[in-house]
Amino acid sequence: MTYKSAHDAVFAAENACLRLQAAVSALEALHAAMQEGPNDPGEYVDGLFCLCLFIGEETVKLQKVVSDAIKA
């Protein structure tokens, strides 16, 4: 693994982690809205589904970055 490829892998992993942290913050906000908001909790199903898809996609990206870095 070259310095550049290692640098790129670390940057990609850090970026994926940052995006996952943002998704967790969004999930916490959604939970608070469901618990304390004026709407029925069932109205937040689409938001939960969107976050599930996003978190799933980001974990796949992170897994690929880590896997590629190990192979190199």
# chains A, B, ... in the order shown; residues from 1 in each chain; ligands from 1
$ residues_around --residues "His31 in chain A" --least-positions-apart "4" --cutoff "12 Å" --atoms "only C-alpha atoms" --output "list in words"
Val24, Ser25, Ala26, Leu27, Gln35, Glu36, Gly37, Pro41, Gly42, Glu43, Tyr44, Val45, Gly47, Leu48 and Leu51 of chain A
$ write_last_selection --atoms "N, CA, C and O atoms" --output "JSON list (two decimals), in the first residue's frame"
[["chain", "number", "residue", "atom", "x", "y", "z"],
["A", 24, "VAL", "N", -26.73, 9.07, 13.09],
["A", 24, "VAL", "CA", -27.12, 8.76, 14.47],
["A", 24, "VAL", "C", -27.73, 10.00, 15.13],
["A", 24, "VAL", "O", -28.74, 9.90, 15.84],
["A", 25, "SER", "N", -27.17, 11.16, 14.86],
["A", 25, "SER", "CA", -27.75, 12.41, 15.39],
["A", 25, "SER", "C", -29.16, 12.62, 14.84],
["A", 25, "SER", "O", -30.07, 13.03, 15.57],
["A", 26, "ALA", "N", -29.34, 12.34, 13.55],
["A", 26, "ALA", "CA", -30.67, 12.47, 12.94],
["A", 26, "ALA", "C", -31.63, 11.46, 13.57],
["A", 26, "ALA", "O", -32.81, 11.78, 13.80],
["A", 27, "LEU", "N", -31.14, 10.27, 13.84],
["A", 27, "LEU", "CA", -31.98, 9.25, 14.47],
["A", 27, "LEU", "C", -32.39, 9.68, 15.88],
["A", 27, "LEU", "O", -33.55, 9.50, 16.28],
["A", 35, "GLN", "N", -41.23, 10.91, 20.35],
["A", 35, "GLN", "CA", -41.57, 10.81, 21.76],
["A", 35, "GLN", "C", -42.27, 12.07, 22.28],
["A", 35, "GLN", "O", -43.22, 11.98, 23.06],
["A", 36, "GLU", "N", -41.82, 13.23, 21.83],
["A", 36, "GLU", "CA", -42.29, 14.48, 22.41],
["A", 36, "GLU", "C", -43.14, 15.33, 21.46],
["A", 36, "GLU", "O", -43.76, 16.30, 21.90],
["A", 37, "GLY", "N", -43.13, 14.99, 20.18],
["A", 37, "GLY", "CA", -43.82, 15.82, 19.20],
["A", 37, "GLY", "C", -45.32, 15.67, 19.24],
["A", 37, "GLY", "O", -45.86, 14.76, 19.86],
["A", 41, "PRO", "N", -46.58, 8.86, 16.52],
["A", 41, "PRO", "CA", -45.29, 8.26, 16.18],
["A", 41, "PRO", "C", -45.29, 7.51, 14.85],
["A", 41, "PRO", "O", -44.27, 7.45, 14.16],
["A", 42, "GLY", "N", -46.43, 7.00, 14.45],
["A", 42, "GLY", "CA", -46.53, 6.27, 13.18],
["A", 42, "GLY", "C", -46.25, 7.15, 11.97],
["A", 42, "GLY", "O", -45.92, 6.65, 10.89],
["A", 43, "GLU", "N", -46.36, 8.46, 12.15],
["A", 43, "GLU", "CA", -46.11, 9.38, 11.03],
["A", 43, "GLU", "C", -44.63, 9.53, 10.71],
["A", 43, "GLU", "O", -44.26, 10.16, 9.72],
["A", 44, "TYR", "N", -43.77, 8.94, 11.52],
["A", 44, "TYR", "CA", -42.34, 9.07, 11.32],
["A", 44, "TYR", "C", -41.73, 7.82, 10.65],
["A", 44, "TYR", "O", -40.52, 7.71, 10.55],
["A", 45, "VAL", "N", -42.57, 6.93, 10.21],
["A", 45, "VAL", "CA", -42.11, 5.68, 9.62],
["A", 45, "VAL", "C", -41.22, 5.92, 8.40],
["A", 45, "VAL", "O", -40.18, 5.28, 8.25],
["A", 47, "GLY", "N", -39.34, 8.50, 7.74],
["A", 47, "GLY", "CA", -38.06, 9.01, 8.21],
["A", 47, "GLY", "C", -37.18, 7.91, 8.77],
["A", 47, "GLY", "O", -35.97, 7.86, 8.51],
["A", 48, "LEU", "N", -37.78, 7.01, 9.53],
["A", 48, "LEU", "CA", -37.02, 5.87, 10.06],
["A", 48, "LEU", "C", -36.50, 4.99, 8.93],
["A", 48, "LEU", "O", -35.35, 4.55, 8.96],
["A", 51, "LEU", "N", -33.55, 6.65, 7.20],
["A", 51, "LEU", "CA", -32.33, 6.53, 7.99],
["A", 51, "LEU", "C", -31.78, 5.11, 7.97],
["A", 51, "LEU", "O", -30.56, 4.92, 7.91]]
$ select_by_dssp --residues "chain A" --states "alpha helix (DSSP H)" --output "PyMOL selection string"
chain A and resi 3-36+45-71
$ closest_residue --among "A:Ala72, A:Ile55, A:Ala29, A:Val66" --to "Glu14 in chain A" --atoms "only C-alpha atoms"
A:Val66
$ atom_distance --atom1 "CA of Cys52 in chain A" --atom2 "CA of His7 in chain A"
29.0 Å
$ atom_distance --atom1 "CA of Leu62 in chain A" --atom2 "CA of Ala12 in chain A"
7.7 Å
$ atom_distance --atom1 "CA of Glu58 in chain A" --atom2 "CA of Glu28 in chain A"
17.4 Å
$ residues_around --residues "range 3-6 of chain A" --least-positions-apart "2" --cutoff "12 Å" --atoms "only C-alpha atoms" --output "list in words"
Met1, Asp8, Ala9, Val10, Phe11, Ala12, Ala13, Val65, Val66, Asp68, Ala69, Ile70, Lys71 and Ala72 of chain A
$ write_last_selection --atoms "C-alpha atoms" --output "compact mmCIF listing (two decimals), in the first residue's frame"
# COMPACT_ATOMS: atom_id res chain seq x y z
CA MET A 1 0.00 0.00 0.00
CA ASP A 8 -7.15 7.97 0.69
CA ALA A 9 -8.39 4.92 2.64
CA VAL A 10 -8.15 6.74 5.97
CA PHE A 11 -9.91 9.77 4.51
CA ALA A 12 -12.71 7.59 3.07
CA ALA A 13 -13.13 5.75 6.39
CA VAL A 65 -12.95 0.82 2.49
CA VAL A 66 -11.66 -1.29 5.37
CA ASP A 68 -9.80 -2.83 0.42
CA ALA A 69 -7.24 -1.35 2.81
CA ILE A 70 -6.58 -4.75 4.38
CA LYS A 71 -6.14 -6.40 0.99
CA ALA A 72 -3.68 -3.75 -0.22
$ closest_residue --among "A:Thr2, A:Asn15, A:Ser67, A:Leu20" --to "Phe54 in chain A" --atoms "only C-alpha atoms"
A:Leu20
$ decode --residues "range 5-41 of chain A" --atoms "C-alpha atoms" --output "PDB file, in the first residue's frame"
ATOM      1  CA  SER A   5      -3.634   4.919  -1.103  1.00  0.00           C
ATOM      2  CA  ALA A   6      -3.349   4.644   2.696  1.00  0.00           C
ATOM      3  CA  HIS A   7      -4.147   8.340   3.013  1.00  0.00           C
ATOM      4  CA  ASP A   8      -7.147   7.966   0.695  1.00  0.00           C
ATOM      5  CA  ALA A   9      -8.392   4.920   2.643  1.00  0.00           C
ATOM      6  CA  VAL A  10      -8.154   6.736   5.970  1.00  0.00           C
ATOM      7  CA  PHE A  11      -9.914   9.771   4.505  1.00  0.00           C
ATOM      8  CA  ALA A  12     -12.707   7.586   3.074  1.00  0.00           C
ATOM      9  CA  ALA A  13     -13.129   5.748   6.390  1.00  0.00           C
ATOM     10  CA  GLU A  14     -13.186   9.015   8.313  1.00  0.00           C
ATOM     11  CA  ASN A  15     -15.760  10.427   5.890  1.00  0.00           C
ATOM     12  CA  ALA A  16     -17.984   7.359   6.274  1.00  0.00           C
ATOM     13  CA  CYS A  17     -17.707   7.573  10.076  1.00  0.00           C
ATOM     14  CA  LEU A  18     -18.644  11.239  10.006  1.00  0.00           C
ATOM     15  CA  ARG A  19     -21.694  10.479   7.861  1.00  0.00           C
ATOM     16  CA  LEU A  20     -22.687   7.652  10.232  1.00  0.00           C
ATOM     17  CA  GLN A  21     -22.363  10.007  13.215  1.00  0.00           C
ATOM     18  CA  ALA A  22     -24.630  12.491  11.435  1.00  0.00           C
ATOM     19  CA  ALA A  23     -27.146   9.721  10.791  1.00  0.00           C
ATOM     20  CA  VAL A  24     -27.120   8.759  14.473  1.00  0.00           C
ATOM     21  CA  SER A  25     -27.755  12.406  15.390  1.00  0.00           C
ATOM     22  CA  ALA A  26     -30.667  12.466  12.943  1.00  0.00           C
ATOM     23  CA  LEU A  27     -31.979   9.246  14.473  1.00  0.00           C
ATOM     24  CA  GLU A  28     -31.799  10.782  17.954  1.00  0.00           C
ATOM     25  CA  ALA A  29     -33.703  13.842  16.713  1.00  0.00           C
ATOM     26  CA  LEU A  30     -36.312  11.638  15.082  1.00  0.00           C
ATOM     27  CA  HIS A  31     -36.700   9.659  18.290  1.00  0.00           C
ATOM     28  CA  ALA A  32     -37.217  12.861  20.261  1.00  0.00           C
ATOM     29  CA  ALA A  33     -39.817  14.042  17.755  1.00  0.00           C
ATOM     30  CA  MET A  34     -41.633  10.726  17.985  1.00  0.00           C
ATOM     31  CA  GLN A  35     -41.575  10.811  21.763  1.00  0.00           C
ATOM     32  CA  GLU A  36     -42.294  14.480  22.413  1.00  0.00           C
ATOM     33  CA  GLY A  37     -43.815  15.817  19.199  1.00  0.00           C
ATOM     34  CA  PRO A  38     -47.447  16.569  18.542  1.00  0.00           C
ATOM     35  CA  ASN A  39     -47.782  13.966  15.761  1.00  0.00           C
ATOM     36  CA  ASP A  40     -48.542  10.299  16.074  1.00  0.00           C
ATOM     37  CA  PRO A  41     -45.293   8.263  16.180  1.00  0.00           C
TER      38      PRO A  41
END
